[in-house]
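Asks: What follows is my_file06.cif, made up of mmCIF, C-alpha atoms:
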```
data_input
loop_
_atom_site.label_atom_id
_atom_site.label_comp_id
_atom_site.auth_asym_id
_atom_site.auth_seq_id
_atom_site.Cartn_x
_atom_site.Cartn_y
_atom_site.Cartn_z
CA MET W 6 97.68 144.59 122.20
CA SER W 7 95.10 146.28 124.40
CA ASN W 8 96.03 149.72 125.66
CA ASN W 9 95.07 148.65 129.20
CA SER W 10 98.13 146.40 129.38
CA GLU W 11 100.99 147.56 131.61
CA PHE W 12 104.68 146.89 131.10
CA LEU W 13 107.22 146.73 133.88
CA TRP W 14 110.86 145.67 134.00
CA TYR W 15 113.00 144.06 136.71
CA ILE W 16 115.67 145.43 139.04
CA PRO W 17 117.53 142.48 140.60
CA ASN W 18 118.60 144.22 143.85
CA ASP W 19 121.54 141.90 144.46
CA VAL W 20 124.82 142.56 146.25
CA LYS W 21 126.64 140.30 143.79
CA ALA W 22 127.43 141.62 140.34
CA GLY W 23 126.58 139.66 137.19
CA HIS W 24 123.03 138.58 138.06
CA ARG W 25 121.78 136.30 135.24
CA GLY W 26 124.49 137.45 132.88
CA ASP W 27 124.29 141.16 133.74
CA SER W 28 127.31 143.38 133.18
CA ALA W 29 129.61 143.11 136.20
CA VAL W 30 130.25 146.85 136.44
CA GLU W 31 131.80 148.58 139.42
CA ASN W 32 129.26 149.84 141.98
CA HIS W 33 126.52 147.88 140.21
CA ASN W 34 124.26 148.16 143.26
CA SER W 35 124.97 151.77 144.20
CA LEU W 36 122.10 154.25 144.41
CA ASP W 37 123.43 156.13 141.40
CA ARG W 38 123.61 152.97 139.30
CA LEU W 39 120.16 151.76 140.33
CA THR W 40 118.77 155.24 139.74
CA SER W 41 120.15 155.12 136.20
CA HIS W 42 118.00 152.01 135.66
CA ALA W 43 114.88 153.64 137.09
CA ARG W 44 115.33 156.82 135.05
CA ALA W 45 116.00 154.81 131.88
CA LEU W 46 112.71 153.02 132.50
CA GLU W 47 110.93 156.37 132.67
CA GLU W 48 112.63 157.61 129.53
CA HIS W 49 111.98 154.48 127.45
CA GLY W 50 108.29 153.88 128.05
CA TRP W 51 108.15 151.50 131.04
CA LYS W 52 105.69 151.85 133.89
CA GLY W 53 108.13 150.73 136.57
CA ALA W 54 109.98 147.63 137.76
CA LEU W 55 109.74 144.66 140.08
CA ILE W 56 112.43 144.87 142.77
CA GLY W 57 113.54 141.47 144.04
CA THR W 58 113.59 140.39 147.68
CA GLY W 59 115.19 137.77 149.89
CA TRP W 60 117.40 137.58 152.96
CA GLY W 61 120.94 138.37 151.87
CA ARG W 62 119.80 141.11 149.49
CA PRO W 63 119.56 144.82 150.30
CA ASP W 64 116.26 145.68 151.96
CA THR W 65 113.78 145.94 149.10
CA PHE W 66 111.53 148.59 150.59
CA THR W 67 114.47 150.89 151.29
CA VAL W 68 115.71 150.52 147.70
CA ALA W 69 112.22 151.19 146.34
CA ALA W 70 111.76 154.31 148.46
CA SER W 71 115.16 155.64 147.42
CA LEU W 72 114.46 155.12 143.72
CA ALA W 73 110.99 156.63 144.01
CA ALA W 74 112.51 159.74 145.57
CA ARG W 75 114.87 160.16 142.61
CA THR W 76 112.22 159.71 139.90
CA THR W 77 108.88 161.22 138.96
CA THR W 78 106.83 158.47 137.26
CA PHE W 79 108.72 155.25 138.08
CA GLU W 80 106.44 152.78 139.93
CA PRO W 81 108.26 150.25 142.12
CA LEU W 82 106.67 146.81 142.39
CA ILE W 83 108.03 146.08 145.86
CA ALA W 84 108.50 142.41 146.72
CA ILE W 85 107.85 141.77 150.44
CA ARG W 86 107.36 138.77 152.72
CA PRO W 87 104.82 138.28 155.51
CA GLY W 88 106.91 137.39 158.55
CA TYR W 89 109.67 139.81 157.58
CA TRP W 90 106.98 142.48 158.03
CA ARG W 91 104.12 142.73 160.51
CA PRO W 92 100.85 143.82 158.84
CA ALA W 93 100.38 147.17 160.58
CA ASN W 94 104.05 148.16 160.22
CA PHE W 95 103.94 147.32 156.55
CA ALA W 96 100.57 148.99 155.93
CA SER W 97 101.90 152.19 157.49
CA ALA W 98 105.21 152.14 155.56
CA ALA W 99 103.49 151.47 152.23
CA ALA W 100 100.79 154.09 152.86
CA THR W 101 103.48 156.66 153.66
CA LEU W 102 105.46 155.89 150.50
CA ASP W 103 102.27 155.89 148.44
CA HIS W 104 101.41 159.33 149.83
CA LEU W 105 104.89 160.73 149.19
CA THR W 106 105.00 159.42 145.61
CA GLY W 107 101.49 160.37 144.57
CA GLY W 108 100.22 156.80 144.31
CA ARG W 109 103.14 155.00 142.66
CA VAL W 110 103.41 151.99 144.99
CA ARG W 111 102.73 148.38 143.91
CA ILE W 112 103.31 145.33 146.12
CA ASN W 113 104.41 141.79 145.24
CA ILE W 114 103.60 139.40 148.10
CA VAL W 115 106.14 136.54 148.27
CA SER W 116 105.40 133.38 150.27
CA GLY W 117 108.14 131.07 149.02
CA LYS W 118 110.94 129.68 151.14
CA ASP W 119 113.64 132.02 152.41
CA ASN W 120 116.28 132.04 155.14
CA LEU W 121 113.51 132.74 157.62
CA ARG W 122 115.38 132.02 160.84
CA ALA W 123 117.98 134.65 159.93
CA TYR W 124 115.45 137.43 160.50
CA GLY W 125 113.56 135.77 163.33
CA ASP W 126 110.75 134.10 161.44
CA SER W 127 109.73 130.44 161.71
CA ASP W 128 109.41 127.81 159.01
CA GLY W 129 106.01 126.11 159.27
CA ASP W 130 104.52 123.91 156.58
CA GLN W 131 102.92 125.03 153.32
CA ALA W 132 99.41 125.17 154.78
CA HIS W 133 100.57 127.44 157.59
CA ARG W 134 102.62 129.63 155.28
CA TYR W 135 99.75 130.35 152.91
CA ALA W 136 97.17 130.71 155.69
CA ARG W 137 99.39 133.37 157.22
CA THR W 138 99.84 135.06 153.84
CA LYS W 139 96.08 135.18 153.33
CA GLU W 140 95.57 136.70 156.77
CA PHE W 141 98.36 139.23 156.14
CA MET W 142 96.91 140.41 152.83
CA ARG W 143 93.36 140.67 154.16
CA LEU W 144 94.46 142.63 157.23
CA VAL W 145 96.72 145.04 155.30
CA ARG W 146 93.89 145.77 152.87
CA ARG W 147 91.55 146.48 155.80
CA LEU W 148 94.14 148.81 157.36
CA TRP W 149 94.37 150.71 154.08
CA THR W 150 90.62 151.02 153.55
CA GLU W 151 89.11 151.10 157.07
CA GLU W 152 89.70 153.01 160.30
CA ASN W 153 89.86 151.75 163.88
CA VAL W 154 90.57 148.20 162.72
CA THR W 155 90.45 145.46 165.34
CA SER W 156 91.42 141.95 164.30
CA ALA W 157 92.44 138.85 166.26
CA GLY W 158 93.55 136.23 163.76
CA GLU W 159 95.62 133.10 164.21
CA ASN W 160 98.82 134.90 163.25
CA PHE W 161 98.32 138.66 163.61
CA ARG W 162 96.47 140.98 165.98
CA VAL W 163 95.72 144.70 165.96
CA ALA W 164 93.38 146.77 168.12
CA GLU W 165 91.75 150.07 167.13
CA SER W 166 94.39 150.54 164.44
CA THR W 167 94.19 153.46 162.00
CA VAL W 168 97.01 153.85 159.50
CA VAL W 169 98.06 157.41 158.66
CA PRO W 170 98.45 158.95 156.21
CA ARG W 171 95.35 157.42 154.67
CA ILE W 172 95.61 155.87 151.21
CA GLN W 173 94.16 158.31 148.69
CA VAL W 174 91.63 156.78 146.32
CA ARG W 175 92.67 157.53 142.73
CA GLY W 176 89.97 156.64 140.22
CA ASP W 177 89.26 152.94 140.62
CA ARG W 178 92.52 152.44 142.58
CA ARG W 179 91.55 152.16 146.23
CA HIS W 180 95.02 151.11 147.39
CA PRO W 181 98.30 149.70 145.99
CA LYS W 182 97.72 146.50 144.04
CA PHE W 183 98.78 143.17 145.49
CA TYR W 184 100.65 141.01 142.96
CA PHE W 185 101.00 137.38 143.97
CA GLY W 186 102.58 134.23 142.51
CA GLY W 187 102.47 130.52 143.23
CA ALA W 188 101.12 127.48 141.38
CA SER W 189 100.26 125.12 144.24
CA GLU W 190 96.65 124.55 145.22
CA ALA W 191 97.21 126.45 148.46
CA ALA W 192 98.73 129.42 146.61
CA GLU W 193 95.94 129.56 144.05
CA ARG W 194 93.29 129.64 146.79
CA VAL W 195 95.03 132.66 148.32
CA ALA W 196 95.25 134.36 144.93
CA ALA W 197 91.58 133.73 144.20
CA THR W 198 90.43 135.47 147.38
CA GLU W 199 93.12 138.05 148.20
CA ALA W 200 95.32 139.02 145.22
CA ASP W 201 94.70 141.80 142.74
CA VAL W 202 97.09 140.36 140.13
CA GLN W 203 98.16 136.71 139.77
CA LEU W 204 101.64 136.52 138.26
CA PHE W 205 102.60 133.54 136.10
CA TRP W 206 106.08 132.42 135.14
CA GLY W 207 106.79 131.94 131.43
CA GLU W 208 104.76 128.80 130.79
CA PRO W 209 103.46 127.77 127.35
CA LEU W 210 100.17 129.34 126.31
CA GLU W 211 98.11 126.24 127.03
CA GLY W 212 99.38 126.09 130.61
CA VAL W 213 98.52 129.74 131.21
CA ARG W 214 95.09 129.24 129.63
CA GLU W 215 94.37 126.35 131.98
CA ARG W 216 95.52 128.25 135.05
CA ILE W 217 93.43 131.32 134.22
CA ALA W 218 90.34 129.15 133.80
CA ARG W 219 91.05 127.36 137.07
CA LEU W 220 91.62 130.60 138.98
CA LYS W 221 88.44 132.17 137.64
CA ALA W 222 86.51 129.09 138.75
CA LEU W 223 88.14 129.29 142.19
CA CYS W 224 87.14 132.95 142.49
CA ARG W 225 83.52 131.93 141.99
CA GLU W 226 83.77 128.89 144.24
CA LEU W 227 85.34 130.86 147.10
CA ASP W 228 82.97 133.85 146.75
CA ARG W 229 85.68 136.41 146.01
CA ASP W 230 84.54 139.78 147.39
CA LEU W 231 87.12 141.93 145.56
CA PRO W 232 87.21 143.30 141.99
CA PRO W 233 87.94 140.63 139.34
CA LEU W 234 91.36 138.99 139.58
CA GLU W 235 93.83 140.25 136.96
CA PHE W 236 96.68 138.25 135.44
CA GLY W 237 100.34 138.97 134.78
CA LEU W 238 103.36 137.35 133.12
CA ARG W 239 106.92 137.48 134.46
CA ILE W 240 109.32 136.34 131.75
CA THR W 241 112.67 136.93 130.07
CA THR W 242 112.40 138.50 126.60
CA LEU W 243 115.55 138.21 124.48
CA VAL W 244 115.08 140.71 121.64
CA ARG W 245 117.50 141.43 118.82
CA ASP W 246 117.29 143.22 115.47
CA THR W 247 116.67 139.94 113.62
CA THR W 248 115.27 136.54 114.48
CA GLU W 249 118.55 134.89 113.50
CA GLN W 250 120.65 137.16 115.71
CA ALA W 251 118.32 136.60 118.65
CA TRP W 252 118.65 132.82 118.45
CA THR W 253 122.41 133.03 117.96
CA ASP W 254 122.70 135.14 121.12
CA ALA W 255 120.25 132.96 123.07
CA GLU W 256 122.17 129.80 122.25
CA ALA W 257 125.45 131.49 123.17
CA LYS W 258 124.01 132.53 126.53
CA VAL W 259 122.85 128.99 127.25
CA ALA W 260 126.26 127.64 126.26
CA GLU W 261 127.85 130.01 128.76
CA MET W 262 125.34 128.88 131.42
CA ALA W 263 126.36 125.30 130.74
CA ARG W 264 130.06 126.16 130.93
CA SER W 265 129.66 128.03 134.25
CA LYS W 266 127.14 125.50 135.63
CA GLY W 267 124.51 128.20 135.95
CA SER W 268 126.61 130.54 138.08
CA GLY W 269 124.61 133.69 138.83
CA TRP W 270 121.30 132.10 137.82
CA HIS W 271 120.36 130.11 140.92
CA ASP W 272 118.46 132.62 143.04
CA HIS W 273 115.31 130.44 143.02
CA GLN W 274 117.03 127.18 143.89
CA ARG W 275 116.92 127.17 147.72
CA ALA W 276 113.68 125.16 147.67
CA LEU W 277 111.75 124.37 144.52
CA ALA W 278 108.17 125.59 144.65
CA VAL W 279 105.48 123.97 142.52
CA GLY W 280 105.57 126.69 139.85
CA GLN W 281 109.36 126.65 139.63
CA GLN W 282 109.40 122.87 139.23
CA ARG W 283 106.83 123.14 136.43
CA LEU W 284 109.19 125.50 134.61
CA LEU W 285 112.24 123.33 135.09
CA ASP W 286 110.35 120.33 133.72
CA LEU W 287 109.36 122.08 130.48
CA HIS W 288 112.63 121.39 128.65
CA GLU W 289 111.75 117.70 128.73
CA ARG W 290 109.03 118.53 126.18
CA GLY W 291 111.52 120.22 123.83
CA ASP W 292 113.96 123.10 123.70
CA VAL W 293 111.41 125.36 121.95
CA LEU W 294 107.68 125.35 122.74
CA ASP W 295 104.88 127.35 121.13
CA ASP W 296 106.52 129.65 118.57
CA ASN W 297 109.62 130.85 120.41
CA LEU W 298 109.49 129.90 124.11
CA TYR W 299 113.05 128.73 124.78
CA THR W 300 113.19 126.15 127.58
CA ALA W 301 116.86 125.15 127.33
CA PRO W 302 117.95 127.56 130.13
CA GLY W 303 116.00 125.34 132.54
CA LYS W 304 118.47 122.52 131.91
CA PHE W 305 120.98 124.59 133.85
CA GLY W 306 118.66 125.79 136.61
CA GLY W 307 117.78 129.13 135.03
CA GLY W 308 115.64 130.07 138.01
CA GLY W 309 112.34 131.96 138.04
CA ALA W 310 111.93 134.21 135.04
CA GLY W 311 115.35 133.08 133.83
CA THR W 312 114.10 129.54 133.20
CA THR W 313 112.20 130.19 129.96
CA TRP W 314 112.79 132.97 127.44
CA LEU W 315 110.79 134.42 124.58
CA VAL W 316 113.39 134.76 121.81
CA GLY W 317 113.31 136.66 118.54
CA SER W 318 113.04 140.00 116.83
CA ALA W 319 110.86 142.67 118.40
CA GLN W 320 108.10 141.58 116.01
CA ASP W 321 108.47 137.91 117.02
CA VAL W 322 108.35 138.63 120.74
CA ALA W 323 105.49 141.13 120.42
CA ARG W 324 103.48 138.54 118.51
CA SER W 325 104.00 136.02 121.30
CA LEU W 326 103.12 138.49 124.05
CA ARG W 327 99.91 139.38 122.22
CA LYS W 328 98.88 135.73 122.45
CA TYR W 329 99.22 135.88 126.23
CA GLN W 330 97.22 139.08 126.21
CA ASP W 331 94.50 137.32 124.22
CA LEU W 332 94.23 134.85 127.11
CA GLY W 333 93.57 137.70 129.55
CA VAL W 334 97.07 138.69 130.70
CA THR W 335 97.33 142.46 131.16
CA HIS W 336 100.41 142.91 133.38
CA PHE W 337 103.83 142.13 131.91
CA VAL W 338 107.10 142.09 133.87
CA LEU W 339 109.87 141.61 131.31
CA SER W 340 113.67 141.57 131.49
CA ASP W 341 116.90 140.53 129.87
CA THR W 342 120.58 141.21 130.53
CA PRO W 343 122.51 143.43 130.45
CA TYR W 344 119.57 145.03 132.27
CA LEU W 345 120.32 148.69 131.57
CA SER W 346 120.98 148.41 127.84
CA GLU W 347 117.98 146.09 127.41
CA ILE W 348 115.70 148.58 129.18
CA LYS W 349 116.54 150.95 126.35
CA ARG W 350 116.51 148.45 123.48
CA GLN W 351 113.22 146.81 124.40
CA GLY W 352 111.63 150.08 125.45
CA ASP W 353 112.42 151.54 122.02
CA GLN W 354 111.86 148.45 119.83
CA LEU W 355 109.35 146.21 121.63
CA LEU W 356 107.01 148.47 123.60
CA PRO W 357 105.83 150.53 120.60
CA LEU W 358 104.68 147.31 118.91
CA LEU W 359 102.74 146.27 121.99
CA ARG W 360 100.96 149.60 122.29
CA GLY W 361 99.97 149.82 118.64
#
```
Represent the supplied structure as structure tokens.
Replies:
Amino acid sequence: MSNNSEFLWYIPNDVKAGHRGDSAVENHNSLDRLTSHARALEEHGWKGALIGTGWGRPDTFTVAASLAARTTTFEPLIAIRPGYWRPANFASAAATLDHLTGGRVRINIVSGKDNLRAYGDSDGDQAHRYARTKEFMRLVRRLWTEENVTSAGENFRVAESTVVPRIQVRGDRRHPKFYFGGASEAAERVAATEADVQLFWGEPLEGVRERIARLKALCRELDRDLPPLEFGLRITTLVRDTTEQAWTDAEAKVAEMARSKGSGWHDHQRALAVGQQRLLDLHERGDVLDDNLYTAPGKFGGGGAGTTWLVGSAQDVARSLRKYQDLGVTHFVLSDTPYLSEIKRQGDQLLPLLRG
């Protein structure tokens, strides 16, 4: 796999213990416990981790800043929502954290449904939601790269706004990268013009190939004025010492999901987005697609990256991830539970094969 690929993990950031089969340890969401995850990521070869967001979870930016302060190389991929943040407030907060951490900030823009009224936001239809997201991303990027910014859009306004401290250019990195998901037509049009990295859920190879081709065509059609769009994969990777043990454990996990009716796995079930529905429909094509893409968790509402899993030995999973890389995917956000022990196992067994 190309050495320009980057590998991140996932920190669930949930007040409830046992997220997607995680160990229900005491103080699972304490700063010390979360720091142990971030430091294990540093020690076992990972670039950083996506930190989940949503009303009813601890504030994601606060968690990210706290973990960044306790680490030296860990890069938080901070999930945030337009509407929860105003553009100038967010641009300033992110620029400050980027300055304090020496350029370790990454941002995942989330536009999906949430309990918006709880924090004073309004619902609006899909067209409005993505139009606002596009405006948010464009304005934040301007605030990071320009001074004395004046903008009067349909959703956000600033006048003579200069964010300090200024984002320091580091090589070809002008500002923190914007990661973005979504499979609807509206979402893909935003990605094509505003995102730095389009994240895919764990679809079969052919589906990812089609989406990359479509997004590249959209970039040309919409006259993208940013560097070329990059692509990422957010997926569960269940790795064991042998292929047989991996499948035994995967089937046992799914059996437990069935027994508990998916308890602890439903954090993407409030309203099914287009991409999530695509994942949930995959099991109708078979329990295993491609070589080792396990779709059975979707029968029990696996949710997001928990809906499909790449299952096998480290060699099996590395072989599958290389096929995504051959399609043009260079950003990988992996995970499995228990999160902490799997950070170490996959960092030691899987990552060396992907960097070879």
Asks: Can you work out which one of W:Ser127, W:Thr76, W:Ser265, W:Asn94 has the shortest atom-to-atom distance to Ser166 in chain W, counting only C-alpha atoms?
Replies: W:Asn94
Asks: Can you work out which one of W:Val338, W:Leu36, W:Ala188, W:Ala54 has the shortest atom-to-atom distance to Thr67 in chain W, counting only C-alpha atoms?
Replies: W:Leu36
Asks: Kindly give the distance, in Å, that separates CA of Ile83 in chain W and CA of Lys221 in chain W, rounded to a single decimal.
Replies: 25.4 Å
Asks: With a distance cut-off of 7 Å and only C-alpha atoms, select the neighbouring residues of range 62-66 of chain W, excluding the residue or stretch itself and same-chain residues fewer than 6 positions from it, and output the selection as an MDAnalysis selection string.
Replies: chainID W and resid 18:20 56 83:84
Asks: Output C-alpha atoms of each residue in that selection to a file, as an mmCIF file, keeping the file's coordinate frame.
Replies:
```
data_model
loop_
_atom_site.group_PDB
_atom_site.id
_atom_site.type_symbol
_atom_site.label_atom_id
_atom_site.label_comp_id
_atom_site.auth_asym_id
_atom_site.auth_seq_id
_atom_site.Cartn_x
_atom_site.Cartn_y
_atom_site.Cartn_z
ATOM 1 C CA ASN W 18 118.600 144.220 143.850
ATOM 2 C CA ASP W 19 121.540 141.900 144.460
ATOM 3 C CA VAL W 20 124.820 142.560 146.250
ATOM 4 C CA ILE W 56 112.430 144.870 142.770
ATOM 5 C CA ILE W 83 108.030 146.080 145.860
ATOM 6 C CA ALA W 84 108.500 142.410 146.720
#
```
Asks: When distances are computed from all atoms listed in the file, which of W:Arg245, W:Arg225, W:Lys304, W:Arg214 shows the smallest separation from Leu332 in chain W?
Replies: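 For Leu332 in chain W, the nearest of the candidates is W:Arg214.
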Asks: Which of these residues is nearest to Thr248 in chain W, using all atoms listed in the file: W:Ile16, W:Val293, W:Ala191, W:Val316?
Replies: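 Ranked by minimum distance to Thr248 in chain W, first place goes to W:Val316.
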Asks: Report the distance between CA of Gln203 in chain W and CA of Asp103 in chain W in Å, rounded to one decimal place.
Replies: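 According to the coordinates, CA of Gln203 in chain W and CA of Asp103 in chain W are separated by 21.4 Å.
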Asks: Measure the distance from CA of Thr138 in chain W to CA of Thr167 in chain W in Å and round it to one decimal.
Replies: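 About the pair CA of Thr138 in chain W and CA of Thr167 in chain W: they are 20.9 Å apart.
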Asks: Considering only C-alpha atoms, can you say which of W:Thr101, W:Asn32, W:Gln330, W:Thr342 comes closest to Arg360 in chain W?
Replies: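 Using only C-alpha atoms, Arg360 in chain W sits closest to W:Gln330.
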Asks: Could you list, as an NGL selection string, every residue matched by the PyMOL selection byres ((chain W and resi 294) around 12) in this structure?
Replies: :W and (207-212 or 284 or 287-293 or 295-301 or 313-316 or 325)
Asks: Kindly provide, as a PyMOL selection string, the polymer residues lying within 12 Å of (106.8, 156.0, 149.6), counting all atoms listed in the file and using the coordinates exactly as they appear in the file.
Replies: chain W and resi 66-76+79-83+95-112+170+172+181
Asks: Select, from W:Thr253, W:Thr241, W:Asn9, W:Thr312, the residue with the minimum atom-to-atom distance to His336 in chain W, counting all atoms listed in the file.
Replies: W:Asn9
Asks: Would you mind writing range 218-245 of chain W with N, CA and C atoms, as an mmCIF file, in the coordinates of the input?
Replies:
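Done, and the output landed in selection20.cif:
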```
data_model
loop_
_atom_site.group_PDB
_atom_site.id
_atom_site.type_symbol
_atom_site.label_atom_id
_atom_site.label_comp_id
_atom_site.auth_asym_id
_atom_site.auth_seq_id
_atom_site.Cartn_x
_atom_site.Cartn_y
_atom_site.Cartn_z
ATOM 1 N N ALA W 218 91.675 129.741 133.661
ATOM 2 C CA ALA W 218 90.340 129.150 133.800
ATOM 3 C C ALA W 218 90.139 128.594 135.208
ATOM 4 N N ARG W 219 91.168 127.930 135.741
ATOM 5 C CA ARG W 219 91.050 127.360 137.070
ATOM 6 C C ARG W 219 90.918 128.451 138.136
ATOM 7 N N LEU W 220 91.675 129.519 138.012
ATOM 8 C CA LEU W 220 91.620 130.600 138.980
ATOM 9 C C LEU W 220 90.279 131.331 138.929
ATOM 10 N N LYS W 221 89.753 131.527 137.739
ATOM 11 C CA LYS W 221 88.440 132.170 137.640
ATOM 12 C C LYS W 221 87.370 131.306 138.294
ATOM 13 N N ALA W 222 87.459 129.991 138.105
ATOM 14 C CA ALA W 222 86.510 129.090 138.750
ATOM 15 C C ALA W 222 86.659 129.137 140.264
ATOM 16 N N LEU W 223 87.899 129.202 140.753
ATOM 17 C CA LEU W 223 88.140 129.290 142.190
ATOM 18 C C LEU W 223 87.569 130.582 142.767
ATOM 19 N N CYS W 224 87.701 131.677 142.027
ATOM 20 C CA CYS W 224 87.140 132.950 142.490
ATOM 21 C C CYS W 224 85.638 132.822 142.729
ATOM 22 N N ARG W 225 84.968 132.132 141.817
ATOM 23 C CA ARG W 225 83.520 131.930 141.990
ATOM 24 C C ARG W 225 83.241 130.976 143.145
ATOM 25 N N GLU W 226 83.996 129.905 143.212
ATOM 26 C CA GLU W 226 83.770 128.890 144.240
ATOM 27 C C GLU W 226 83.989 129.453 145.641
ATOM 28 N N LEU W 227 84.980 130.327 145.791
ATOM 29 C CA LEU W 227 85.340 130.860 147.100
ATOM 30 C C LEU W 227 84.684 132.204 147.397
ATOM 31 N N ASP W 228 83.741 132.608 146.540
ATOM 32 C CA ASP W 228 82.970 133.850 146.750
ATOM 33 C C ASP W 228 83.881 135.062 146.928
ATOM 34 N N ARG W 229 84.787 135.252 145.981
ATOM 35 C CA ARG W 229 85.680 136.410 146.010
ATOM 36 C C ARG W 229 84.868 137.685 146.183
ATOM 37 N N ASP W 230 85.274 138.545 147.124
ATOM 38 C CA ASP W 230 84.540 139.780 147.390
ATOM 39 C C ASP W 230 85.338 141.021 146.972
ATOM 40 N N LEU W 231 86.294 140.839 146.081
ATOM 41 C CA LEU W 231 87.120 141.930 145.560
ATOM 42 C C LEU W 231 86.847 142.094 144.067
ATOM 43 N N PRO W 232 87.328 143.178 143.453
ATOM 44 C CA PRO W 232 87.210 143.300 141.990
ATOM 45 C C PRO W 232 87.818 142.082 141.302
ATOM 46 N N PRO W 233 87.464 141.825 140.039
ATOM 47 C CA PRO W 233 87.940 140.630 139.340
ATOM 48 C C PRO W 233 89.466 140.497 139.371
ATOM 49 N N LEU W 234 89.929 139.272 139.561
ATOM 50 C CA LEU W 234 91.360 138.990 139.580
ATOM 51 C C LEU W 234 91.956 139.289 138.204
ATOM 52 N N GLU W 235 93.105 139.971 138.197
ATOM 53 C CA GLU W 235 93.830 140.250 136.960
ATOM 54 C C GLU W 235 95.020 139.298 136.873
ATOM 55 N N PHE W 236 95.620 139.236 135.677
ATOM 56 C CA PHE W 236 96.680 138.250 135.440
ATOM 57 C C PHE W 236 97.911 138.914 134.844
ATOM 58 N N GLY W 237 99.092 138.411 135.259
ATOM 59 C CA GLY W 237 100.340 138.970 134.780
ATOM 60 C C GLY W 237 101.329 137.894 134.391
ATOM 61 N N LEU W 238 102.327 138.264 133.608
ATOM 62 C CA LEU W 238 103.360 137.350 133.120
ATOM 63 C C LEU W 238 104.725 137.912 133.457
ATOM 64 N N ARG W 239 105.542 137.121 134.138
ATOM 65 C CA ARG W 239 106.920 137.480 134.460
ATOM 66 C C ARG W 239 107.838 136.576 133.657
ATOM 67 N N ILE W 240 108.567 137.159 132.692
ATOM 68 C CA ILE W 240 109.320 136.340 131.750
ATOM 69 C C ILE W 240 110.511 137.110 131.194
ATOM 70 N N THR W 241 111.536 136.364 130.782
ATOM 71 C CA THR W 241 112.670 136.930 130.070
ATOM 72 C C THR W 241 112.313 137.091 128.598
ATOM 73 N N THR W 242 112.635 138.246 128.029
ATOM 74 C CA THR W 242 112.400 138.500 126.600
ATOM 75 C C THR W 242 113.740 138.867 125.960
ATOM 76 N N LEU W 243 114.267 137.976 125.144
ATOM 77 C CA LEU W 243 115.550 138.210 124.480
ATOM 78 C C LEU W 243 115.260 138.727 123.076
ATOM 79 N N VAL W 244 115.443 140.019 122.883
ATOM 80 C CA VAL W 244 115.080 140.710 121.640
ATOM 81 C C VAL W 244 116.336 141.199 120.937
ATOM 82 N N ARG W 245 116.409 140.911 119.637
ATOM 83 C CA ARG W 245 117.500 141.430 118.820
ATOM 84 C C ARG W 245 116.928 141.981 117.515
#
```
